[in-house]
Each structure stands twice: as C-alpha cells, then as structure tokens.
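Colleague: Here's a structure for you.
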Amino acid sequence: MKQPGISIEHENEEFLVVEGGYSLGTRSLSFLVRPGGELFPRDPELKPIEWRDQGHWYPVARQAIGLTQFAISEDEQHRDLVETLLERYLREQPEPEECAWVPLAEKGEPLGSLEKVVPMGLVVPIYDSAEAAHEHDDAASVEALTNVPLYLTHLARNGYAGGLWNAQLPIFFCTDESGDLQFLRLSRGGQGKVEMDIVEPTGEWSPYEGAEEIEFLDNREACDERLVASFGEEPLFDWPDDDSFWSVGPSETEAGRVMAPEDGLNYVLLFSEQEEAKAWLEDSEFSWKLIEVPDVREFLGNPALEGLAALVNPGAHRVRSGVLWLNGENLILDSFSGFWLRDGDGFVKAE
C-alpha cells in the first residue's frame, strides 16, 4: 500500500519524500525526484513510477537507521544534498505517533493464533490500546505501531493470514484491481448485518461500499510456511487415532460427491467429528445422510470411489484440513506441511 508523500522543493526542482516502516524502530524515508530535472538525469527509456495521485517519479535514495543508500551509483555525488533535504524534512514533519500495539512472544515474533474466521493461517492480534496488548495472554512484550497499513503489509509479506483487531474484529488481506494490497475489517452492525471497513493509507478506517473491487489475497504457500515454522511439521491437527471418520452422501452406504471450486474436481468428504459433518449437512443444499467411516483406508478403497480423493474437514482451518487419497496401498495426505504417508498408527513424510 503506497503511502502519500510530502513534496519539497530545492532550486526550482521538486522532490518527494515518502515515509516507510510501521514503527519508530523501522522508520525509513524514500527520496524521489521528478522526471526532467537537471540534478538527477535519467535515461528517457527508463520509465518512472506512478505514485498514487502525485504523479510520476524516479527513486533516488532510501534512508533508514541513519544510513542512506542510493538507487544508482551516479547519484552518490549528491549525497550531501539528499541528506540535507531529508534532515530538513525531519525537522519540519512531526515524528509519527504510536497508534496501535501488538503483543509479542518471547522471541519477539507476533503472537499468532488460529482463528476459524481466517482459515488460511496465523492471525496476529492488534490493539488500539497499549494496556489491552499487555494484558493479552502469553504476551512477553508489546510492539508499538506508528503505521497500521504498513504493519499489515509486513504481515502479509511474511506469511501471516490476517489480523484480529481488539480481539474481536477480523482483518482480511486483499488485493485491488492493480494488485496492490488492501485490508478489510469486518464487524457486526445492526440487525445482524456485517459491516466492512477498509484501511486508508493514513491508517484511518472508512466504510467499504464496494466501489473498488477487491479480492482475497491468495498467499497459501507463504501461510503454510509460517504455520510450519510455528508448529513444526505436523501432518494434520485432530487426525482420529483409530482412522475413523464421518462422511455424507445420498444414503448411509453411498458417499456423495462435491465439486471443489478451487480446481473443479469432484471429491468425497471426510470429517474428524460427527458434529462437523452434521453442521456441513445443515448448511448444504443436499438432503443427504451421515455415513460412519470406521476405517478410512477401506472407505477410499471402495471400487465405487476409485480415482476419487477426499477433502478432509472441508471449511475447517488449514491445520485441520487437507486432501486424502489412496494410491495403491499407500494412503497419502496433502496438508499444510506437505505430503505424508500413513504408516501404521502414524505418518511419515513423503519424499
């Protein structure tokens, strides 16, 4: 999400300074120049970047933790000028204020949690008060934020699936038509309606009316890597010890087929808990029945299901869901941590 820049002038040339970083410790400044200037000439074939509604610019330098790095070596000759203008900017612009707080684990990582409402991966709690963040369970310390949109961008780029505002309101990671990240927060309105707010680059939340089309960010691979880093290489949470499941279908002896929108293929369904199978039936359009599956290997080995895989705990969190199929004698599971073979009472990682 592009932050609005501040325009500064020097000897009839215009420059743009853009704040970066989500906290005082990660604060950075980017220095950009208008095309056509004499001090920082560019090859006409090199296209400038469009920055929000502020026109076209060429990146020149970035300053963080007191160090200034230049995009091209030829611009080094203007180091004194760039650093002087950035110092002037810092004198004239107020230091960003703390506006939100995140509880951290002992190693300094955000305290991610598993939330069914955001099933792709880990969700990070964010509070609008430091006191609430300190009171969060297992919080070893708290990080103060100065820019919520940039912090959410940081989370999205590092394999987190979403946020949770004040322990209540889920924040979803999305992209707009230009491919830029957007962040949508859901809450309950009057008469049970769901209200949606989108965060502005300034950090303010404003109602989302759907004028700009956005879609959920698909970063499953990165989210899976973050889950593995947090929980280790576990094949699947809540796998029944005795390999017994529940399924659904037109009769107690005939498993139903359901097409998955992700790939357009037909699957049978398996649930670790009977109540989950019942809940799926209640929410579905089918007048199907529950099917007890005492042995999942025998179930998938039924000739009537030849060539079909099963969705395990469809609609559940990523750590509890996956795809299961029988390949000859091998029962294979595709989960958040990769491919696994069922071996006796356990699993072994597939090569």
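Here's how to read the names in the structure tokens: chain A, B, ... by the order shown, residue numbers from 1 in each chain, ligand numbers from 1 in the order shown.
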Which residues, written as a count of residues only, have at least one atom at most 12 Å from Glu131 of chain A, with only C-alpha atoms counted and residues fewer than 6 positions away on the same chain left out?
Modeller: 10
Colleague: List the neighbours of Gly25 of chain A out to 10 Å using only C-alpha atoms; skip same-chain residues closer than 2 positions along the sequence, and give me the result as a list in words.
Modeller: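 The residues satisfying every condition are Gly21, Tyr22, Ser23, Arg27, Ser28, Ala64, Ile65, Glu143, Ala144, Leu145 and Thr146 of chain A.
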Colleague: Need to verify the contact set: segment 295-299 of chain A, 12 Å, only C-alpha atoms, exclusion of same-chain residues closer than 6 positions in sequence. Can you return it as a PyMOL selection string?
Modeller: chain A and resi 239-247+253-255+268-272+305-306+308-310+312+324-333+341-344
Colleague: Restricted to N, CA and C atoms, what would the selected residues look like written as a CSV table (one decimal), in the first residue's frame?
Modeller:
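This went into result.csv:
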chain,number,residue,atom,x,y,z
A,239,TRP,N,-6.2,-35.6,13.7
A,239,TRP,CA,-6.4,-36.8,13.0
A,239,TRP,C,-6.9,-37.9,14.0
A,240,PRO,N,-8.0,-38.6,13.7
A,240,PRO,CA,-8.5,-39.6,14.6
A,240,PRO,C,-7.5,-40.7,14.8
A,241,ASP,N,-7.2,-41.1,16.1
A,241,ASP,CA,-6.2,-42.1,16.4
A,241,ASP,C,-6.6,-43.5,15.7
A,242,ASP,N,-7.9,-43.8,15.6
A,242,ASP,CA,-8.3,-45.1,15.1
A,242,ASP,C,-8.6,-45.0,13.6
A,243,ASP,N,-8.3,-43.9,12.9
A,243,ASP,CA,-8.5,-43.7,11.5
A,243,ASP,C,-10.0,-43.7,11.1
A,244,SER,N,-10.9,-43.4,12.1
A,244,SER,CA,-12.3,-43.4,11.8
A,244,SER,C,-12.8,-42.0,11.6
A,245,PHE,N,-13.6,-41.8,10.6
A,245,PHE,CA,-14.1,-40.5,10.2
A,245,PHE,C,-15.7,-40.6,10.0
A,246,TRP,N,-16.2,-39.5,9.6
A,246,TRP,CA,-17.6,-39.4,9.2
A,246,TRP,C,-17.6,-38.8,7.8
A,247,SER,N,-18.6,-39.3,7.0
A,247,SER,CA,-18.8,-38.7,5.6
A,247,SER,C,-20.3,-38.4,5.5
A,253,THR,N,-24.8,-45.8,2.7
A,253,THR,CA,-23.8,-46.7,2.1
A,253,THR,C,-23.3,-46.1,0.8
A,254,GLU,N,-23.7,-44.8,0.5
A,254,GLU,CA,-23.2,-44.2,-0.8
A,254,GLU,C,-22.7,-42.8,-0.5
A,255,ALA,N,-21.4,-42.6,-0.6
A,255,ALA,CA,-20.8,-41.3,-0.3
A,255,ALA,C,-21.1,-40.3,-1.5
A,268,VAL,N,-15.1,-36.8,-2.4
A,268,VAL,CA,-15.9,-37.2,-1.3
A,268,VAL,C,-15.4,-36.4,-0.1
A,269,LEU,N,-16.2,-36.4,1.0
A,269,LEU,CA,-15.9,-35.6,2.2
A,269,LEU,C,-15.7,-36.4,3.4
A,270,LEU,N,-14.7,-36.0,4.2
A,270,LEU,CA,-14.4,-36.7,5.4
A,270,LEU,C,-14.3,-35.7,6.6
A,271,PHE,N,-14.9,-36.1,7.7
A,271,PHE,CA,-14.9,-35.2,8.9
A,271,PHE,C,-14.4,-35.9,10.1
A,272,SER,N,-13.5,-35.2,10.9
A,272,SER,CA,-13.0,-35.9,12.1
A,272,SER,C,-14.0,-36.0,13.1
A,305,LEU,N,-15.5,-45.7,-5.4
A,305,LEU,CA,-14.8,-44.4,-5.2
A,305,LEU,C,-13.4,-44.4,-5.9
A,306,GLU,N,-13.2,-45.3,-6.8
A,306,GLU,CA,-11.9,-45.4,-7.5
A,306,GLU,C,-11.6,-44.1,-8.2
A,308,LEU,N,-11.2,-41.2,-6.8
A,308,LEU,CA,-11.6,-40.0,-6.1
A,308,LEU,C,-10.8,-39.8,-4.9
A,309,ALA,N,-10.5,-38.5,-4.6
A,309,ALA,CA,-9.8,-38.2,-3.4
A,309,ALA,C,-10.9,-37.6,-2.4
A,310,ALA,N,-10.5,-37.4,-1.2
A,310,ALA,CA,-11.4,-36.9,-0.2
A,310,ALA,C,-10.9,-35.6,0.4
A,312,VAL,N,-10.6,-33.5,3.6
A,312,VAL,CA,-10.7,-33.7,5.0
A,312,VAL,C,-11.1,-32.4,5.7
A,324,LEU,N,-6.9,-36.2,0.9
A,324,LEU,CA,-6.5,-37.6,1.2
A,324,LEU,C,-6.9,-38.5,0.1
A,325,TRP,N,-6.0,-39.4,-0.3
A,325,TRP,CA,-6.4,-40.3,-1.4
A,325,TRP,C,-5.5,-41.6,-1.2
A,326,LEU,N,-6.0,-42.6,-1.9
A,326,LEU,CA,-5.4,-43.9,-1.9
A,326,LEU,C,-4.7,-44.2,-3.2
A,327,ASN,N,-3.4,-44.4,-3.1
A,327,ASN,CA,-2.6,-44.7,-4.3
A,327,ASN,C,-2.0,-46.1,-4.1
A,328,GLY,N,-2.7,-47.1,-4.7
A,328,GLY,CA,-2.4,-48.5,-4.5
A,328,GLY,C,-2.6,-48.8,-3.0
A,329,GLU,N,-1.6,-49.2,-2.3
A,329,GLU,CA,-1.7,-49.5,-0.9
A,329,GLU,C,-1.4,-48.3,0.0
A,330,ASN,N,-0.9,-47.2,-0.6
A,330,ASN,CA,-0.5,-46.1,0.1
A,330,ASN,C,-1.6,-45.0,0.3
A,331,LEU,N,-1.8,-44.7,1.6
A,331,LEU,CA,-2.8,-43.6,1.9
A,331,LEU,C,-2.0,-42.3,2.1
A,332,ILE,N,-2.3,-41.4,1.2
A,332,ILE,CA,-1.5,-40.2,1.0
A,332,ILE,C,-2.3,-39.0,1.5
A,333,LEU,N,-1.6,-38.1,2.3
A,333,LEU,CA,-2.3,-36.9,2.8
A,333,LEU,C,-1.5,-35.7,2.3
A,341,LEU,N,2.6,-40.0,4.2
A,341,LEU,CA,2.1,-41.4,4.0
A,341,LEU,C,1.7,-41.9,5.4
A,342,ARG,N,0.5,-42.5,5.4
A,342,ARG,CA,0.0,-43.1,6.6
A,342,ARG,C,0.8,-44.4,6.8
A,343,ASP,N,1.5,-44.5,7.9
A,343,ASP,CA,2.3,-45.7,8.2
A,343,ASP,C,1.9,-46.2,9.6
A,344,GLY,N,1.1,-47.3,9.6
A,344,GLY,CA,0.7,-47.9,10.9
A,344,GLY,C,-0.2,-46.9,11.6
Colleague: Could you check the closest approach to Glu83 of chain A for each of A:Pro125, A:Leu300, A:Glu50, A:Leu29 and tell me which residue wins, using only C-alpha atoms?
Modeller: A:Leu29
Colleague: Taking 6 positions as the minimum chain separation for residues in the same chain, which residues sit within 12 Å of Pro110 of chain A when counting only C-alpha atoms? Answer as a ChimeraX atom specification.
Modeller: /A:101-104,122-126,133,136,138-144,151-152,154-155,158-160,162-164,226,230
Colleague: Using only N, CA and C atoms, please write the residues we just selected to a file, as a JSON list (two decimals), in the first residue's frame.
Modeller:
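Writing the result to result-v1.json gives the following:
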[["chain", "number", "residue", "atom", "x", "y", "z"],
["A", 101, "TRP", "N", -0.94, -1.36, 19.05],
["A", 101, "TRP", "CA", 0.04, -2.14, 19.78],
["A", 101, "TRP", "C", -0.18, -3.63, 19.51],
["A", 102, "VAL", "N", 0.94, -4.37, 19.42],
["A", 102, "VAL", "CA", 0.91, -5.80, 19.09],
["A", 102, "VAL", "C", 1.62, -6.59, 20.18],
["A", 103, "PRO", "N", 0.96, -7.58, 20.78],
["A", 103, "PRO", "CA", 1.66, -8.43, 21.76],
["A", 103, "PRO", "C", 2.64, -9.36, 21.06],
["A", 104, "LEU", "N", 3.81, -9.53, 21.70],
["A", 104, "LEU", "CA", 4.86, -10.35, 21.12],
["A", 104, "LEU", "C", 5.19, -11.53, 22.01],
["A", 122, "LEU", "N", -2.02, -18.19, 10.30],
["A", 122, "LEU", "CA", -1.93, -17.49, 11.58],
["A", 122, "LEU", "C", -2.49, -16.08, 11.49],
["A", 123, "VAL", "N", -3.18, -15.69, 12.56],
["A", 123, "VAL", "CA", -3.76, -14.35, 12.66],
["A", 123, "VAL", "C", -3.06, -13.61, 13.80],
["A", 124, "VAL", "N", -2.73, -12.35, 13.57],
["A", 124, "VAL", "CA", -1.99, -11.56, 14.55],
["A", 124, "VAL", "C", -2.92, -10.58, 15.26],
["A", 125, "PRO", "N", -2.95, -10.57, 16.60],
["A", 125, "PRO", "CA", -3.79, -9.62, 17.33],
["A", 125, "PRO", "C", -3.19, -8.22, 17.32],
["A", 126, "ILE", "N", -4.05, -7.22, 17.12],
["A", 126, "ILE", "CA", -3.64, -5.82, 17.12],
["A", 126, "ILE", "C", -4.64, -5.06, 17.99],
["A", 133, "ALA", "N", -3.02, -4.65, 24.93],
["A", 133, "ALA", "CA", -2.00, -5.51, 24.34],
["A", 133, "ALA", "C", -1.16, -6.18, 25.42],
["A", 136, "HIS", "N", -2.85, -9.22, 26.93],
["A", 136, "HIS", "CA", -3.08, -10.38, 26.06],
["A", 136, "HIS", "C", -2.37, -11.61, 26.63],
["A", 138, "ASP", "N", -0.10, -14.61, 27.34],
["A", 138, "ASP", "CA", 1.24, -15.03, 26.92],
["A", 138, "ASP", "C", 2.07, -13.90, 26.31],
["A", 139, "ALA", "N", 1.65, -12.66, 26.44],
["A", 139, "ALA", "CA", 2.44, -11.55, 25.89],
["A", 139, "ALA", "C", 3.70, -11.35, 26.71],
["A", 140, "ALA", "N", 4.87, -11.54, 26.07],
["A", 140, "ALA", "CA", 6.15, -11.31, 26.74],
["A", 140, "ALA", "C", 6.54, -9.84, 26.66],
["A", 141, "SER", "N", 6.12, -9.17, 25.58],
["A", 141, "SER", "CA", 6.38, -7.75, 25.39],
["A", 141, "SER", "C", 5.36, -7.22, 24.40],
["A", 142, "VAL", "N", 5.43, -5.92, 24.13],
["A", 142, "VAL", "CA", 4.47, -5.29, 23.23],
["A", 142, "VAL", "C", 5.23, -4.39, 22.26],
["A", 143, "GLU", "N", 4.84, -4.42, 21.00],
["A", 143, "GLU", "CA", 5.44, -3.53, 20.00],
["A", 143, "GLU", "C", 4.45, -2.43, 19.65],
["A", 144, "ALA", "N", 4.91, -1.19, 19.71],
["A", 144, "ALA", "CA", 4.07, -0.05, 19.38],
["A", 144, "ALA", "C", 4.17, 0.24, 17.89],
["A", 151, "TYR", "N", 2.17, -2.08, 8.70],
["A", 151, "TYR", "CA", 2.37, -3.28, 9.52],
["A", 151, "TYR", "C", 1.58, -4.44, 8.93],
["A", 152, "LEU", "N", 0.37, -4.20, 8.48],
["A", 152, "LEU", "CA", -0.41, -5.25, 7.85],
["A", 152, "LEU", "C", 0.27, -5.73, 6.56],
["A", 154, "HIS", "N", 3.50, -5.74, 6.09],
["A", 154, "HIS", "CA", 4.60, -6.56, 6.61],
["A", 154, "HIS", "C", 4.11, -7.97, 6.96],
["A", 155, "LEU", "N", 2.96, -8.08, 7.61],
["A", 155, "LEU", "CA", 2.42, -9.38, 7.97],
["A", 155, "LEU", "C", 2.09, -10.20, 6.72],
["A", 158, "ASN", "N", 5.01, -11.72, 5.07],
["A", 158, "ASN", "CA", 5.75, -12.68, 5.88],
["A", 158, "ASN", "C", 4.91, -13.89, 6.28],
["A", 159, "GLY", "N", 3.89, -14.18, 5.49],
["A", 159, "GLY", "CA", 3.17, -15.44, 5.65],
["A", 159, "GLY", "C", 2.07, -15.47, 6.70],
["A", 160, "TYR", "N", 1.68, -14.32, 7.21],
["A", 160, "TYR", "CA", 0.54, -14.31, 8.12],
["A", 160, "TYR", "C", -0.74, -14.18, 7.30],
["A", 162, "GLY", "N", -3.87, -12.93, 8.42],
["A", 162, "GLY", "CA", -4.78, -11.84, 8.73],
["A", 162, "GLY", "C", -4.49, -11.24, 10.08],
["A", 163, "GLY", "N", -5.36, -10.34, 10.51],
["A", 163, "GLY", "CA", -5.23, -9.71, 11.81],
["A", 163, "GLY", "C", -6.51, -9.85, 12.59],
["A", 164, "LEU", "N", -6.44, -9.51, 13.87],
["A", 164, "LEU", "CA", -7.62, -9.53, 14.74],
["A", 164, "LEU", "C", -7.58, -8.26, 15.58],
["A", 226, "ARG", "N", 4.66, -20.37, 7.22],
["A", 226, "ARG", "CA", 4.59, -19.74, 8.54],
["A", 226, "ARG", "C", 4.00, -20.70, 9.56],
["A", 230, "SER", "N", 5.83, -22.23, 12.93],
["A", 230, "SER", "CA", 5.24, -22.04, 14.26],
["A", 230, "SER", "C", 4.93, -23.34, 14.97]]
Colleague: Which is closer to Arg52 of chain A than all the others in A:Lys2, A:Lys278, A:Lys289, A:His78, using only C-alpha atoms?
Modeller: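 Between A:Lys2, A:Lys278, A:Lys289, A:His78, the residue approaching Arg52 of chain A most closely is A:Lys2.
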Colleague: Can you work out which one of A:Val199, A:Val293, A:Val118, A:Ala132 has the shortest atom-to-atom distance to Leu150 of chain A, counting only C-alpha atoms?
Modeller: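 Distance minimum relative to Leu150 of chain A lands on A:Val199.
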Colleague: Nearest to Pro250 of chain A among A:Phe173, A:Glu98, A:Ser287, A:Phe231, with distances taken over only C-alpha atoms: which residue is it?
Modeller: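 Checking each of A:Phe173, A:Glu98, A:Ser287, A:Phe231 against Pro250 of chain A, counting only C-alpha atoms, the winner is A:Ser287.
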Colleague: At a cut-off of 6 Å, using only C-alpha atoms, what residues contact Cys174 of chain A? Leave out same-chain residues fewer than 3 positions from it and give the result as a ChimeraX atom specification.
Modeller: /A:181-183,215-217
Colleague: Would you pick out the contacts of Glu9 of chain A at 12 Å or less, using only C-alpha atoms, so that residues sharing its chain but fewer than 3 positions from it are not included, and give the list as a count of residues only?
Modeller: 17
Colleague: When DSSP is applied to the backbone of this structure, which of segment 119-288 of chain A are assigned helix (DSSP H, G or I)? Write them out as a PyMOL selection string.
Modeller: chain A and resi 130-134+148-157+190-192+220-231+274-283
Colleague: Could you write out the selected residues, including N, CA and C atoms, as a compact mmCIF listing (two decimals), in the first residue's frame?
Modeller:
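Output saved as out_5.txt:
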# COMPACT_ATOMS: atom_id res chain seq x y z
N ALA A 130 -2.34 0.26 24.47
CA ALA A 130 -1.18 -0.47 24.95
C ALA A 130 -1.55 -1.38 26.12
N GLU A 131 -2.47 -0.91 26.96
CA GLU A 131 -2.88 -1.69 28.13
C GLU A 131 -3.50 -3.02 27.71
N ALA A 132 -4.37 -3.00 26.72
CA ALA A 132 -5.01 -4.23 26.26
C ALA A 132 -4.00 -5.18 25.66
N ALA A 133 -3.02 -4.65 24.93
CA ALA A 133 -2.00 -5.51 24.34
C ALA A 133 -1.16 -6.18 25.42
N HIS A 134 -0.83 -5.45 26.48
CA HIS A 134 -0.05 -6.03 27.58
C HIS A 134 -0.83 -7.11 28.32
N VAL A 148 -0.41 1.42 10.84
CA VAL A 148 -1.11 0.13 10.76
C VAL A 148 -1.09 -0.46 9.35
N PRO A 149 -1.38 0.32 8.28
CA PRO A 149 -1.35 -0.28 6.94
C PRO A 149 0.00 -0.90 6.59
N LEU A 150 1.09 -0.25 6.95
CA LEU A 150 2.40 -0.81 6.63
C LEU A 150 2.71 -2.03 7.48
N TYR A 151 2.17 -2.08 8.70
CA TYR A 151 2.37 -3.28 9.52
C TYR A 151 1.58 -4.44 8.93
N LEU A 152 0.37 -4.20 8.48
CA LEU A 152 -0.41 -5.25 7.85
C LEU A 152 0.27 -5.73 6.56
N THR A 153 0.87 -4.81 5.83
CA THR A 153 1.65 -5.18 4.64
C THR A 153 2.80 -6.08 5.03
N HIS A 154 3.50 -5.74 6.09
CA HIS A 154 4.60 -6.56 6.61
C HIS A 154 4.11 -7.97 6.96
N LEU A 155 2.96 -8.08 7.61
CA LEU A 155 2.42 -9.38 7.97
C LEU A 155 2.09 -10.20 6.72
N ALA A 156 1.44 -9.57 5.75
CA ALA A 156 1.05 -10.28 4.53
C ALA A 156 2.27 -10.81 3.78
N ARG A 157 3.35 -10.02 3.79
CA ARG A 157 4.55 -10.44 3.06
C ARG A 157 5.37 -11.48 3.82
N GLY A 190 -25.99 -3.34 12.99
CA GLY A 190 -27.35 -3.52 13.48
C GLY A 190 -28.12 -4.58 12.73
N GLN A 191 -29.04 -5.24 13.39
CA GLN A 191 -29.88 -6.28 12.82
C GLN A 191 -29.07 -7.43 12.23
N GLY A 192 -27.93 -7.69 12.83
CA GLY A 192 -27.11 -8.83 12.42
C GLY A 192 -26.35 -8.64 11.13
N ARG A 220 -1.30 -18.82 0.04
CA ARG A 220 -1.35 -20.07 0.80
C ARG A 220 0.04 -20.64 1.05
N GLU A 221 0.90 -20.60 0.04
CA GLU A 221 2.23 -21.20 0.23
C GLU A 221 2.99 -20.51 1.36
N ALA A 222 2.96 -19.19 1.37
CA ALA A 222 3.65 -18.45 2.44
C ALA A 222 3.00 -18.70 3.79
N CYS A 223 1.67 -18.78 3.81
CA CYS A 223 0.96 -19.06 5.08
C CYS A 223 1.30 -20.45 5.59
N ASP A 224 1.41 -21.42 4.68
CA ASP A 224 1.79 -22.78 5.09
C ASP A 224 3.19 -22.79 5.70
N GLU A 225 4.11 -22.06 5.09
CA GLU A 225 5.48 -22.00 5.61
C GLU A 225 5.49 -21.38 7.01
N ARG A 226 4.66 -20.37 7.22
CA ARG A 226 4.59 -19.74 8.54
C ARG A 226 4.00 -20.70 9.56
N LEU A 227 3.00 -21.48 9.16
CA LEU A 227 2.40 -22.48 10.07
C LEU A 227 3.43 -23.53 10.47
N VAL A 228 4.20 -23.99 9.49
CA VAL A 228 5.22 -24.99 9.79
C VAL A 228 6.28 -24.41 10.72
N ALA A 229 6.66 -23.15 10.48
CA ALA A 229 7.66 -22.51 11.35
C ALA A 229 7.14 -22.38 12.78
N SER A 230 5.83 -22.23 12.93
CA SER A 230 5.24 -22.04 14.26
C SER A 230 4.93 -23.34 14.97
N PHE A 231 4.48 -24.36 14.22
CA PHE A 231 4.01 -25.59 14.84
C PHE A 231 4.82 -26.83 14.47
N GLN A 274 -18.26 -36.02 14.25
CA GLN A 274 -19.62 -36.20 13.77
C GLN A 274 -20.37 -34.87 13.72
N GLU A 275 -20.16 -34.02 14.73
CA GLU A 275 -20.87 -32.75 14.78
C GLU A 275 -20.51 -31.86 13.59
N GLU A 276 -19.26 -31.95 13.14
CA GLU A 276 -18.86 -31.15 11.98
C GLU A 276 -19.56 -31.63 10.71
N ALA A 277 -19.72 -32.94 10.59
CA ALA A 277 -20.45 -33.48 9.43
C ALA A 277 -21.91 -33.04 9.47
N LYS A 278 -22.51 -33.06 10.66
CA LYS A 278 -23.90 -32.61 10.81
C LYS A 278 -24.02 -31.13 10.44
N ALA A 279 -23.09 -30.33 10.90
CA ALA A 279 -23.12 -28.89 10.61
C ALA A 279 -22.99 -28.64 9.11
N TRP A 280 -22.14 -29.42 8.45
CA TRP A 280 -21.98 -29.25 7.00
C TRP A 280 -23.29 -29.57 6.29
N LEU A 281 -23.95 -30.64 6.71
CA LEU A 281 -25.23 -31.02 6.09
C LEU A 281 -26.27 -29.93 6.30
N GLU A 282 -26.33 -29.35 7.49
CA GLU A 282 -27.32 -28.32 7.77
C GLU A 282 -27.12 -27.08 6.90
N ASP A 283 -25.87 -26.79 6.57
CA ASP A 283 -25.58 -25.61 5.76
C ASP A 283 -25.61 -25.88 4.27
Colleague: Among segment 272-308 of chain A, which residues does DSSP mark as strand (DSSP E or B) when it is run on the backbone? Keep the chain and numbering as in the structure and answer as a list in words.
Modeller: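 The strand (DSSP E or B) residues within segment 272-308 of chain A come out as Lys289, Leu290, Ile291, Glu292 and Val293 of chain A.
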Colleague: Pick from A:Met120, A:Met1, A:Pro235, A:Gly112: nearest to Gly338 of chain A, with only C-alpha atoms counted?
Modeller: A:Pro235
Colleague: Restricting the calculation to only C-alpha atoms: of A:Ser284, A:Gln168, A:Ser335, A:Ser113, which residue gets closest to Asp128 of chain A?
Modeller: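 Of A:Ser284, A:Gln168, A:Ser335, A:Ser113, the one nearest Asp128 of chain A is A:Gln168, counting only C-alpha atoms.
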